[in-house]
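Structure data follow from protein_25.cif (mmCIF, C-alpha atoms (C1' of nucleotides)):
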```
data_final
#
loop_
_atom_site.label_atom_id
_atom_site.label_comp_id
_atom_site.auth_asym_id
_atom_site.auth_seq_id
_atom_site.Cartn_x
_atom_site.Cartn_y
_atom_site.Cartn_z
CA MET O 924 92.84 63.65 121.31
CA SER O 925 93.57 66.93 119.75
CA LYS O 926 93.87 66.70 116.05
CA PRO O 927 91.91 64.27 114.01
CA ASN O 928 93.84 61.74 112.07
CA THR O 929 97.24 63.21 112.52
CA PRO O 930 99.36 61.76 109.77
CA ASP O 931 102.36 60.35 111.47
CA ASN O 932 103.77 58.53 108.52
CA GLU O 933 103.83 55.19 110.10
CA VAL O 934 104.51 52.31 107.83
CA ALA O 935 102.86 49.06 108.47
CA VAL O 936 104.95 46.61 110.35
CA ASP O 937 103.12 43.41 110.13
CA GLY O 938 105.44 40.50 110.47
CA ASP O 939 103.13 37.57 110.86
CA GLN O 940 99.49 36.76 111.05
CA PRO O 941 98.04 37.05 114.51
CA PRO O 942 95.19 34.63 115.09
CA GLU O 943 92.66 37.25 116.02
CA ASN O 944 92.02 40.88 116.54
CA GLY O 945 94.71 42.24 114.31
CA ASP O 946 94.94 45.96 114.64
CA ARG O 947 97.87 47.22 112.64
CA GLN O 948 97.78 50.45 110.80
CA GLU O 949 98.61 50.34 107.15
CA THR O 950 97.32 53.74 106.36
CA ASP O 951 96.82 56.62 108.65
CA PHE O 952 93.10 56.34 108.55
CA VAL O 953 91.52 55.62 111.90
CA LEU O 954 87.79 55.78 111.94
CA GLU O 955 87.57 56.59 115.61
CA LYS O 956 89.67 59.69 115.09
CA PHE O 957 88.02 60.74 111.91
CA PHE O 958 86.25 64.00 112.49
CA PRO O 959 83.09 63.21 110.54
CA TYR O 960 82.77 59.98 112.43
CA ARG O 961 82.81 61.79 115.71
CA VAL O 962 80.29 64.24 114.44
CA ARG O 963 77.99 61.40 113.58
CA VAL O 964 78.32 59.77 116.96
CA PHE O 965 77.63 63.08 118.62
CA TYR O 966 74.68 63.83 116.42
CA THR O 967 73.18 60.43 117.04
CA ASP O 968 73.22 60.93 120.77
CA VAL O 969 71.76 64.40 120.57
CA THR O 970 69.00 63.46 118.22
CA ASN O 971 68.08 60.33 120.12
CA ALA O 972 67.72 62.25 123.33
CA LEU O 973 65.12 64.42 121.69
CA SER O 974 63.19 61.93 119.68
CA GLU O 975 62.93 59.77 122.75
CA VAL O 976 60.62 62.40 124.20
CA TYR O 977 58.26 63.16 121.36
CA GLN O 978 58.38 59.61 120.18
CA ARG O 979 57.49 58.21 123.56
CA ASP O 980 54.90 60.81 124.52
CA TYR O 981 53.13 61.29 121.22
CA GLY O 982 54.50 58.79 118.74
CA MET O 983 55.71 61.61 116.57
CA MET O 984 58.49 61.42 114.05
CA PRO O 985 61.25 63.98 113.77
CA ALA O 986 59.68 65.64 110.76
CA GLU O 987 56.39 65.96 112.57
CA TRP O 988 57.91 67.48 115.62
CA ARG O 989 59.89 69.97 113.55
CA THR O 990 56.84 70.93 111.60
CA MET O 991 55.00 71.45 114.83
CA ALA O 992 57.83 73.51 116.24
CA ILE O 993 57.65 75.91 113.34
CA LEU O 994 53.89 76.13 113.30
CA GLY O 995 53.78 76.52 117.03
CA ALA O 996 55.91 79.63 116.90
CA ALA O 997 54.00 81.15 114.00
CA SER O 998 50.89 83.18 114.52
CA GLY O 999 49.09 82.98 111.19
CA GLY O 1000 48.99 80.15 108.72
CA LEU O 1001 52.16 79.07 106.95
CA GLN O 1002 52.66 77.42 103.61
CA ALA O 1003 54.45 74.12 103.47
CA THR O 1004 57.19 75.82 101.53
CA GLU O 1005 58.00 78.02 104.46
CA ILE O 1006 58.31 74.99 106.65
CA VAL O 1007 60.63 73.41 104.14
CA ALA O 1008 62.77 76.50 104.06
CA ARG O 1009 62.99 76.94 107.79
CA SER O 1010 63.39 73.33 108.79
CA SER O 1011 65.89 72.35 106.14
CA MET O 1012 63.89 69.23 105.55
CA ASP O 1013 63.04 67.73 102.21
CA LYS O 1014 59.73 68.83 100.74
CA VAL O 1015 58.55 65.26 100.49
CA VAL O 1016 59.24 64.76 104.15
CA VAL O 1017 57.30 67.87 105.05
CA SER O 1018 54.42 66.88 102.84
CA ARG O 1019 54.11 63.56 104.56
CA ALA O 1020 54.54 64.99 108.01
CA VAL O 1021 51.76 67.47 107.34
CA LYS O 1022 49.52 64.74 106.05
CA ARG O 1023 50.03 62.59 109.07
CA MET O 1024 49.58 65.44 111.48
CA GLU O 1025 46.35 66.40 109.80
CA GLU O 1026 45.12 62.84 110.07
CA ARG O 1027 45.92 62.88 113.73
CA GLY O 1028 44.11 66.15 114.19
CA PHE O 1029 47.17 68.13 115.09
CA LEU O 1030 46.95 70.62 112.27
CA MET O 1031 44.50 72.19 109.88
CA ARG O 1032 44.89 72.99 106.23
CA GLU O 1033 42.89 75.75 104.63
CA ALA O 1034 42.98 76.68 101.01
CA ASN O 1035 45.16 79.64 100.33
CA SER O 1036 43.10 82.27 98.60
CA ALA O 1037 46.21 84.03 97.42
CA ASP O 1038 47.65 80.96 95.72
CA GLY O 1039 45.62 78.00 94.66
CA ARG O 1040 48.55 75.65 94.66
CA SER O 1041 49.30 75.88 98.31
CA PHE O 1042 47.55 75.63 101.63
CA LEU O 1043 47.81 77.54 104.84
CA LEU O 1044 48.81 75.36 107.71
CA GLN O 1045 48.33 75.93 111.39
CA LEU O 1046 48.06 73.90 114.53
CA SER O 1047 44.68 72.82 115.73
CA ASP O 1048 43.78 73.33 119.37
CA GLU O 1049 44.87 69.81 120.08
CA GLY O 1050 48.07 70.29 118.16
CA ARG O 1051 48.78 73.45 120.06
CA ALA O 1052 48.22 71.68 123.35
CA VAL O 1053 50.71 69.04 122.32
CA TYR O 1054 53.13 71.76 121.32
CA GLU O 1055 52.73 73.51 124.64
CA ASP O 1056 53.43 70.27 126.39
CA LEU O 1057 56.32 69.21 124.25
CA ALA O 1058 58.26 72.42 123.71
CA PRO O 1059 59.18 72.91 127.37
CA LYS O 1060 60.17 69.29 127.68
CA LEU O 1061 62.47 69.54 124.72
CA LEU O 1062 63.92 72.77 125.94
CA ALA O 1063 64.61 70.93 129.17
CA VAL O 1064 66.47 68.26 127.27
CA GLU O 1065 68.47 70.96 125.59
CA ARG O 1066 69.24 72.54 128.93
CA LYS O 1067 70.31 69.24 130.34
CA MET O 1068 72.63 68.42 127.49
CA LEU O 1069 74.26 71.83 127.77
CA GLU O 1070 74.55 71.65 131.51
CA GLY O 1071 77.84 72.87 132.83
CA LEU O 1072 78.76 74.60 129.62
CA GLY O 1073 79.31 78.32 129.51
CA GLU O 1074 77.63 80.62 127.07
CA ASP O 1075 80.94 81.26 125.41
CA GLU O 1076 81.73 77.60 125.06
CA ILE O 1077 78.45 77.02 123.36
CA SER O 1078 78.77 79.94 121.03
CA ASP O 1079 82.34 78.94 120.19
CA PHE O 1080 81.11 75.50 119.42
CA LEU O 1081 78.43 76.79 117.12
CA ALA O 1082 80.84 79.19 115.51
CA VAL O 1083 83.22 76.36 114.67
CA ALA O 1084 80.34 74.34 113.28
CA GLN O 1085 79.39 77.28 111.14
CA ARG O 1086 82.90 77.75 109.85
CA ILE O 1087 83.04 74.11 108.91
CA ARG O 1088 79.77 74.45 107.07
CA ASN O 1089 81.16 77.43 105.25
CA ASN O 1090 84.23 75.51 104.24
CA LEU O 1091 82.08 72.75 102.88
CA ALA O 1092 79.80 75.12 101.05
CA ALA O 1093 82.80 76.82 99.51
CA SER O 1094 84.36 73.62 98.27
CA SER O 1095 81.14 72.19 96.91
CA ARG O 1096 80.55 75.46 95.11
CA LYS O 1097 83.92 75.10 93.48
CA GLU O 1098 83.06 71.68 92.12
CA GLY O 1099 79.45 72.25 91.25
CA SER O 1100 80.23 73.90 87.97
CA MET H 815 56.02 51.62 129.91
CA SER H 816 53.23 53.28 128.04
CA LYS H 817 52.04 52.23 124.66
CA PRO H 818 53.33 54.19 121.74
CA ASN H 819 51.07 56.90 120.46
CA THR H 820 49.54 57.33 123.80
CA PRO H 821 50.14 60.54 125.62
CA ASP H 822 50.99 59.40 129.09
CA ASN H 823 50.77 62.80 130.53
CA GLU H 824 48.45 65.72 130.77
CA VAL H 825 48.11 67.93 127.82
CA ALA H 826 46.68 70.58 130.04
CA VAL H 827 48.77 73.64 130.44
CA ASP H 828 48.76 74.27 134.10
CA GLY H 829 51.27 76.63 135.55
CA ASP H 830 53.87 74.73 137.46
CA GLN H 831 56.42 76.95 135.89
CA PRO H 832 57.95 80.32 136.69
CA PRO H 833 55.61 83.23 137.24
CA GLU H 834 54.12 84.51 134.06
CA ASN H 835 53.31 87.96 132.97
CA GLY H 836 49.68 87.59 132.12
CA ASP H 837 50.45 86.75 128.52
CA ARG H 838 49.57 83.21 127.59
CA GLN H 839 52.42 82.98 125.12
CA GLU H 840 54.65 81.19 127.57
CA THR H 841 56.32 78.90 125.11
CA ASP H 842 59.20 80.55 123.43
CA PHE H 843 60.49 77.89 121.15
CA VAL H 844 62.44 78.91 118.10
CA LEU H 845 63.59 76.02 116.00
CA GLU H 846 66.40 77.92 114.34
CA LYS H 847 67.97 78.64 117.72
CA PHE H 848 67.42 75.24 119.13
CA PHE H 849 70.74 73.59 119.73
CA PRO H 850 69.80 70.11 118.53
CA TYR H 851 68.44 71.61 115.36
CA ARG H 852 71.73 73.27 114.62
CA VAL H 853 73.54 70.07 115.33
CA ARG H 854 71.42 68.31 112.81
CA VAL H 855 72.02 70.89 110.12
CA PHE H 856 75.71 70.71 110.78
CA TYR H 857 75.77 66.95 110.76
CA THR H 858 73.86 66.80 107.52
CA ASP H 859 76.39 68.95 105.75
CA VAL H 860 79.35 67.05 107.11
CA THR H 861 77.97 63.68 106.28
CA ASN H 862 76.85 64.69 102.81
CA ALA H 863 80.29 65.96 101.96
CA LEU H 864 81.69 62.53 102.68
CA SER H 865 79.09 60.31 101.19
CA GLU H 866 79.25 62.35 98.05
CA VAL H 867 82.71 60.93 97.50
CA TYR H 868 82.29 57.25 98.17
CA GLN H 869 78.83 57.30 96.74
CA ARG H 870 79.93 58.89 93.51
CA ASP H 871 83.16 56.95 93.08
CA TYR H 872 82.08 53.51 94.16
CA GLY H 873 78.36 53.56 94.79
CA MET H 874 78.95 52.70 98.40
CA MET H 875 76.64 53.41 101.27
CA PRO H 876 77.74 54.90 104.56
CA ALA H 877 77.68 51.57 106.32
CA GLU H 878 79.83 50.01 103.66
CA TRP H 879 82.39 52.72 103.77
CA ARG H 880 82.58 52.58 107.56
CA THR H 881 82.99 48.84 107.47
CA MET H 882 85.73 49.25 104.94
CA ALA H 883 87.41 51.90 107.03
CA ILE H 884 87.63 49.57 109.98
CA LEU H 885 88.74 46.57 108.00
CA GLY H 886 91.24 48.64 106.11
CA ALA H 887 92.99 49.58 109.30
CA ALA H 888 93.06 46.05 110.61
CA SER H 889 95.54 43.47 109.50
CA GLY H 890 93.97 40.19 110.50
CA GLY H 891 90.38 39.20 110.13
CA LEU H 892 87.76 40.86 112.27
CA GLN H 893 84.43 39.59 113.42
CA ALA H 894 81.33 41.51 112.52
CA THR H 895 80.82 42.16 116.20
CA GLU H 896 84.01 44.13 116.37
CA ILE H 897 82.88 46.24 113.51
CA VAL H 898 79.61 46.86 115.26
CA ALA H 899 81.41 47.89 118.40
CA ARG H 900 83.85 50.19 116.71
CA SER H 901 81.56 51.78 114.18
CA SER H 902 78.62 52.36 116.49
CA MET H 903 76.36 51.03 113.80
CA ASP H 904 73.51 48.66 114.25
CA LYS H 905 74.34 45.00 113.83
CA VAL H 906 71.73 44.60 111.15
CA VAL H 907 73.26 47.42 109.21
CA VAL H 908 76.69 45.87 109.49
CA SER H 909 75.39 42.49 108.47
CA ARG H 910 73.91 43.90 105.31
CA ALA H 911 76.92 46.03 104.53
CA VAL H 912 79.13 42.98 104.81
CA LYS H 913 76.85 40.98 102.60
CA ARG H 914 76.82 43.60 99.91
CA MET H 915 80.54 44.14 100.04
CA GLU H 916 81.13 40.45 99.71
CA GLU H 917 78.85 40.32 96.70
CA ARG H 918 80.80 43.14 95.15
CA GLY H 919 84.07 41.39 95.84
CA PHE H 920 85.32 43.93 98.31
CA LEU H 921 85.68 41.61 101.23
CA MET H 922 86.13 37.97 102.12
CA ARG H 923 84.51 35.95 104.83
CA GLU H 924 86.23 32.91 106.22
CA ALA H 925 84.84 30.63 108.82
CA ASN H 926 86.20 31.34 112.24
CA SER H 927 87.76 28.17 113.54
CA ALA H 928 87.64 29.54 117.04
CA ASP H 929 83.94 30.25 116.96
CA GLY H 930 81.53 28.62 114.55
CA ARG H 931 78.94 31.36 114.90
CA SER H 932 81.06 34.09 113.48
CA PHE H 933 83.22 34.76 110.48
CA LEU H 934 86.49 36.52 110.02
CA LEU H 935 86.21 39.43 107.68
CA GLN H 936 88.87 41.14 105.74
CA LEU H 937 89.22 43.21 102.63
CA SER H 938 89.95 41.47 99.37
CA ASP H 939 92.69 42.84 97.17
CA GLU H 940 90.10 44.74 95.25
CA GLY H 941 88.54 46.03 98.44
CA ARG H 942 91.88 47.13 99.69
CA ALA H 943 92.57 48.96 96.48
CA VAL H 944 89.30 50.81 96.90
CA TYR H 945 90.21 51.59 100.46
CA GLU H 946 93.60 52.90 99.46
CA ASP H 947 91.94 55.12 96.92
CA LEU H 948 89.14 56.30 99.13
CA ALA H 949 90.83 56.89 102.45
CA PRO H 950 93.09 59.69 101.22
CA LYS H 951 90.20 61.33 99.43
CA LEU H 952 88.11 61.31 102.54
CA LEU H 953 90.96 62.59 104.63
CA ALA H 954 91.20 65.39 102.12
CA VAL H 955 87.56 66.21 102.65
CA GLU H 956 88.19 66.25 106.36
CA ARG H 957 91.12 68.56 105.88
CA LYS H 958 89.10 70.84 103.72
CA MET H 959 86.25 71.12 106.16
CA LEU H 960 88.65 71.90 108.97
CA GLU H 961 90.60 74.40 106.94
CA GLY H 962 91.46 77.54 108.81
CA LEU H 963 90.72 76.01 112.18
CA GLY H 964 93.39 75.71 114.78
CA GLU H 965 94.17 72.48 116.52
CA ASP H 966 92.94 73.89 119.76
CA GLU H 967 89.68 75.01 118.24
CA ILE H 968 89.09 71.54 116.95
CA SER H 969 89.94 69.87 120.18
CA ASP H 970 87.79 72.32 122.10
CA PHE H 971 84.97 71.55 119.76
CA LEU H 972 85.35 67.84 120.28
CA ALA H 973 85.67 68.30 124.00
CA VAL H 974 82.39 70.18 124.14
CA ALA H 975 80.75 67.49 122.05
CA GLN H 976 82.03 64.92 124.46
CA ARG H 977 80.77 66.78 127.48
CA ILE H 978 77.37 67.01 125.91
CA ARG H 979 77.40 63.31 125.26
CA ASN H 980 78.35 62.74 128.86
CA ASN H 981 75.49 64.89 130.04
CA LEU H 982 73.10 62.91 127.91
CA ALA H 983 74.49 59.60 129.02
CA ALA H 984 74.16 60.68 132.63
CA SER H 985 70.57 61.71 132.32
CA SER H 986 69.51 58.67 130.38
CA ARG H 987 71.20 56.50 132.94
CA LYS H 988 69.14 58.18 135.60
CA GLU H 989 65.93 57.29 133.83
CA GLY H 990 67.02 53.97 132.44
CA SER H 991 67.09 51.72 135.47
"C1'" DC Z 344 46.72 86.95 74.85
"C1'" DG Z 345 48.84 82.19 75.37
"C1'" DA Z 346 52.65 78.87 75.27
"C1'" DA Z 347 56.72 77.84 77.91
"C1'" DA Z 348 58.82 77.96 82.33
"C1'" DA Z 349 58.47 77.99 87.20
"C1'" DT Z 350 56.47 76.67 91.56
"C1'" DA Z 351 53.50 74.04 95.29
"C1'" DG Z 352 52.60 69.96 96.64
"C1'" DT Z 353 51.77 64.77 96.04
"C1'" DT Z 354 52.78 60.22 94.65
"C1'" DG Z 355 55.42 56.08 92.79
"C1'" DC Z 356 59.21 53.53 93.25
"C1'" DA Z 357 63.21 51.63 94.81
"C1'" DT Z 358 65.89 51.40 98.66
"C1'" DA Z 359 67.22 52.10 103.72
"C1'" DT Z 360 66.32 51.32 108.33
"C1'" DG Z 361 65.77 49.16 112.98
"C1'" DA Z 362 63.15 46.28 116.28
"C1'" DA Z 363 62.21 41.86 117.12
"C1'" DA Z 364 62.04 37.14 115.91
"C1'" DC Z 365 64.79 33.66 114.46
"C1'" DT Z 366 68.79 30.03 113.67
"C1'" DA Z 367 72.93 28.25 114.95
"C1'" DA Z 368 76.68 27.79 117.98
"C1'" DG Z 369 78.95 28.41 122.38
"C1'" DT Z 370 78.96 28.61 127.58
"C1'" DC Z 371 77.66 27.54 132.08
"C1'" DA Z 372 76.32 24.79 135.92
"C1'" DA Z 373 74.63 20.87 138.18
"C1'" DT S 1342 76.37 14.82 129.77
"C1'" DT S 1343 72.07 17.86 129.51
"C1'" DG S 1344 69.16 21.71 129.56
"C1'" DA S 1345 68.99 26.73 130.31
"C1'" DC S 1346 71.16 30.80 129.05
"C1'" DT S 1347 74.00 33.72 126.12
"C1'" DT S 1348 75.96 35.31 121.88
"C1'" DA S 1349 76.77 35.94 116.51
"C1'" DG S 1350 74.65 36.84 112.77
"C1'" DT S 1351 70.54 36.77 109.51
"C1'" DT S 1352 65.84 37.43 108.20
"C1'" DT S 1353 61.29 39.38 108.52
"C1'" DC S 1354 58.35 43.07 108.70
"C1'" DA S 1355 56.72 47.49 109.01
"C1'" DT S 1356 58.06 51.94 108.29
"C1'" DA S 1357 61.19 55.83 106.58
"C1'" DT S 1358 63.54 58.05 102.96
"C1'" DG S 1359 64.53 60.66 98.72
"C1'" DC S 1360 64.73 61.13 93.82
"C1'" DA S 1361 62.07 61.76 90.00
"C1'" DA S 1362 57.85 61.95 87.77
"C1'" DC S 1363 53.45 63.78 88.17
"C1'" DT S 1364 49.17 67.27 88.66
"C1'" DA S 1365 47.70 71.64 89.24
"C1'" DT S 1366 48.32 76.21 89.53
"C1'" DT S 1367 50.84 80.67 88.67
"C1'" DT S 1368 54.28 83.55 86.36
"C1'" DT S 1369 56.88 85.18 82.58
"C1'" DC S 1370 57.32 87.38 78.41
"C1'" DG S 1371 57.23 87.31 73.16
#
```

Transcribe the structure of this file into structure tokens.
Amino acid sequence: MSKPNTPDNEVAVDGDQPPENGDRQETDFVLEKFFPYRVRVFYTDVTNALSEVYQRDYGMMPAEWRTMAILGAASGGLQATEIVARSSMDKVVVSRAVKRMEERGFLMREANSADGRSFLLQLSDEGRAVYEDLAPKLLAVERKMLEGLGEDEISDFLAVAQRIRNNLAASSRKEGS
Amino acid sequence: MSKPNTPDNEVAVDGDQPPENGDRQETDFVLEKFFPYRVRVFYTDVTNALSEVYQRDYGMMPAEWRTMAILGAASGGLQATEIVARSSMDKVVVSRAVKRMEERGFLMREANSADGRSFLLQLSDEGRAVYEDLAPKLLAVERKMLEGLGEDEISDFLAVAQRIRNNLAASSRKEGS
DNA sequence: CGAAAATAGTTGCATATGAAACTAAGTCAA
DNA sequence: TTGACTTAGTTTCATATGCAACTATTTTCG
């Protein structure tokens, strides 16, 4: 398994019709070898491992946890916009996460005197307690998933991911006239 | 198991952790550096690049494209179960993708004489034409995103991803039973 | 100034999702 | 056989999602 979808120019040889489980290649597309497919499978596992924790312990959704993670690290109040920017989540998603967290008493919204359109968000005491409980657990999950991997392997991995993102950004820029 | 939404553990922050230095800021969580966060950002870009194509050209959803990818590579008819197994998608998702593709004339369902519960699925001529159009385009996207990367870099990347998955599988197995 | 454009955030709508219940068919064992 | 269990696939339901339209402010600039 080195290169994804290596085109080996194989022409379909499909003499008759097998009764079941036919598996002949007509084209050189094989989902299991397709790089994006593997990325998805990988991502699914990673993300499930995390959400299992905050879902199970506090019934939180991904957007809520991410919002909490950002607010937990901040000292003053943040605007929702900053959370959007730093979480790379949709603004609608953030809006709803904030709403739900406020309802649950995890965060407080104060009017922003500097800008009447926005609010300053910060964790409540309860929210902070949840954060202090959850953050170490999630860092433990991270540690566990990276177990046995060297620093360099991890940074290489991230570097490759970044280069791929750059490639994609470049090509979408070319089309997005 | 505990009910959802119910913290089944102490929220209290009692030091069972490494010695602190007086400061109560013990949690050092930075979302932007958190490995799973980066994986998500990466995944989002990769997946968007793909869906942009089949979405734009044929209004297909991810599940439909994946179903098509598997059927396109097969010669005989496949059961939905096989698609579930090979796509790592939920069976409900596959069921609905199949339904929609049938409605659109992309695939055909015949009764399975060997097993009355299931059906044999295969692409219609129209579906195959779409597949033959789409597969090369998506392989091109894959090529583009991997541009400038060596084979070894890619295989290292995938190997790391696999090791992480193994770590996760191992730890969930430990908790599971 | 004040009208147009931009921005923060929310909401409406149409669709996507997955867990669990369900139907139908097959398998197993006595 | 028959009745319990398993499996394939669909449906139901409750919730998640994101685009676009919306309200309410602020900014821009003629």

Give me, as an mmCIF file with C-alpha atoms (C1' of nucleotides), keeping the file's coordinate frame, the contact residues of chain Z against chain H at a cut-off of 12 Å, counting only C-alpha atoms (C1' of nucleotides).
```
data_model
loop_
_atom_site.group_PDB
_atom_site.id
_atom_site.type_symbol
_atom_site.label_atom_id
_atom_site.label_comp_id
_atom_site.auth_asym_id
_atom_site.auth_seq_id
_atom_site.Cartn_x
_atom_site.Cartn_y
_atom_site.Cartn_z
ATOM 1 C "C1'" DT Z 358 65.890 51.400 98.660
ATOM 2 C "C1'" DA Z 359 67.220 52.100 103.720
ATOM 3 C "C1'" DT Z 360 66.320 51.320 108.330
ATOM 4 C "C1'" DG Z 361 65.770 49.160 112.980
ATOM 5 C "C1'" DA Z 362 63.150 46.280 116.280
ATOM 6 C "C1'" DA Z 363 62.210 41.860 117.120
ATOM 7 C "C1'" DT Z 366 68.790 30.030 113.670
ATOM 8 C "C1'" DA Z 367 72.930 28.250 114.950
ATOM 9 C "C1'" DA Z 368 76.680 27.790 117.980
ATOM 10 C "C1'" DG Z 369 78.950 28.410 122.380
ATOM 11 C "C1'" DT Z 370 78.960 28.610 127.580
#
```

Selection result for the PyMOL selection byres ((chain Z and resi 350) around 10) on this file, as a list in words: Arg1040 and Ser1041 of chain O; DA348, DA349, DA351 and DG352 of chain Z; DT1366, DT1367 and DT1368 of chain S

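Here the PyMOL selection byres ((chain S) within 12 of (chain O)) captures the residues DT1356, DA1357, DT1358, DG1359, DC1360, DA1361, DT1364, DA1365, DT1366, DT1367 and DT1368 of chain S.
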
Result set of the PyMOL selection byres ((chain H and resi 958) around 12) on the coordinates above, as a PyMOL selection string: (chain O and resi 958-959+1086-1095) or (chain H and resi 860+863-864+951-957+959-963)

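Straight-line separation from atom CA of H:Tyr872 to atom CA of H:Leu948: 9.1 Å.
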
Of the candidates O:Gly1028, O:Pro985, O:Gly999, O:Pro1059, which shows the shortest atom-to-atom distance to chain H, using all atoms listed in the file? O:Pro1059

Residue nearest chain H - candidates O:Ala1082, O:Ala986, O:Ala1052, O:Ala1003, atoms counted: all atoms listed in the file: O:Ala1052

With distances taken over all atoms listed in the file, which of O:Gly1073, O:Asp1056, O:Ser1018, O:Trp988 is nearest to chain H? O:Asp1056

Report, in Å to a single decimal, how far apart atom CA of H:Phe920 and atom CA of H:Glu940 are. 5.7 Å

In Å, with one decimal, what is the gap from atom CA of H:Leu885 to atom CA of H:Leu935? 7.6 Å

With distances taken over all atoms listed in the file, the candidate from H:Phe971, H:Tyr868, H:Phe933, H:Tyr945 nearest chain O is H:Phe971

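Nearest residue to chain H among O:Ser998, O:Thr1004, O:Ser1036, O:Gln1085 is O:Gln1085, counting all atoms listed in the file.
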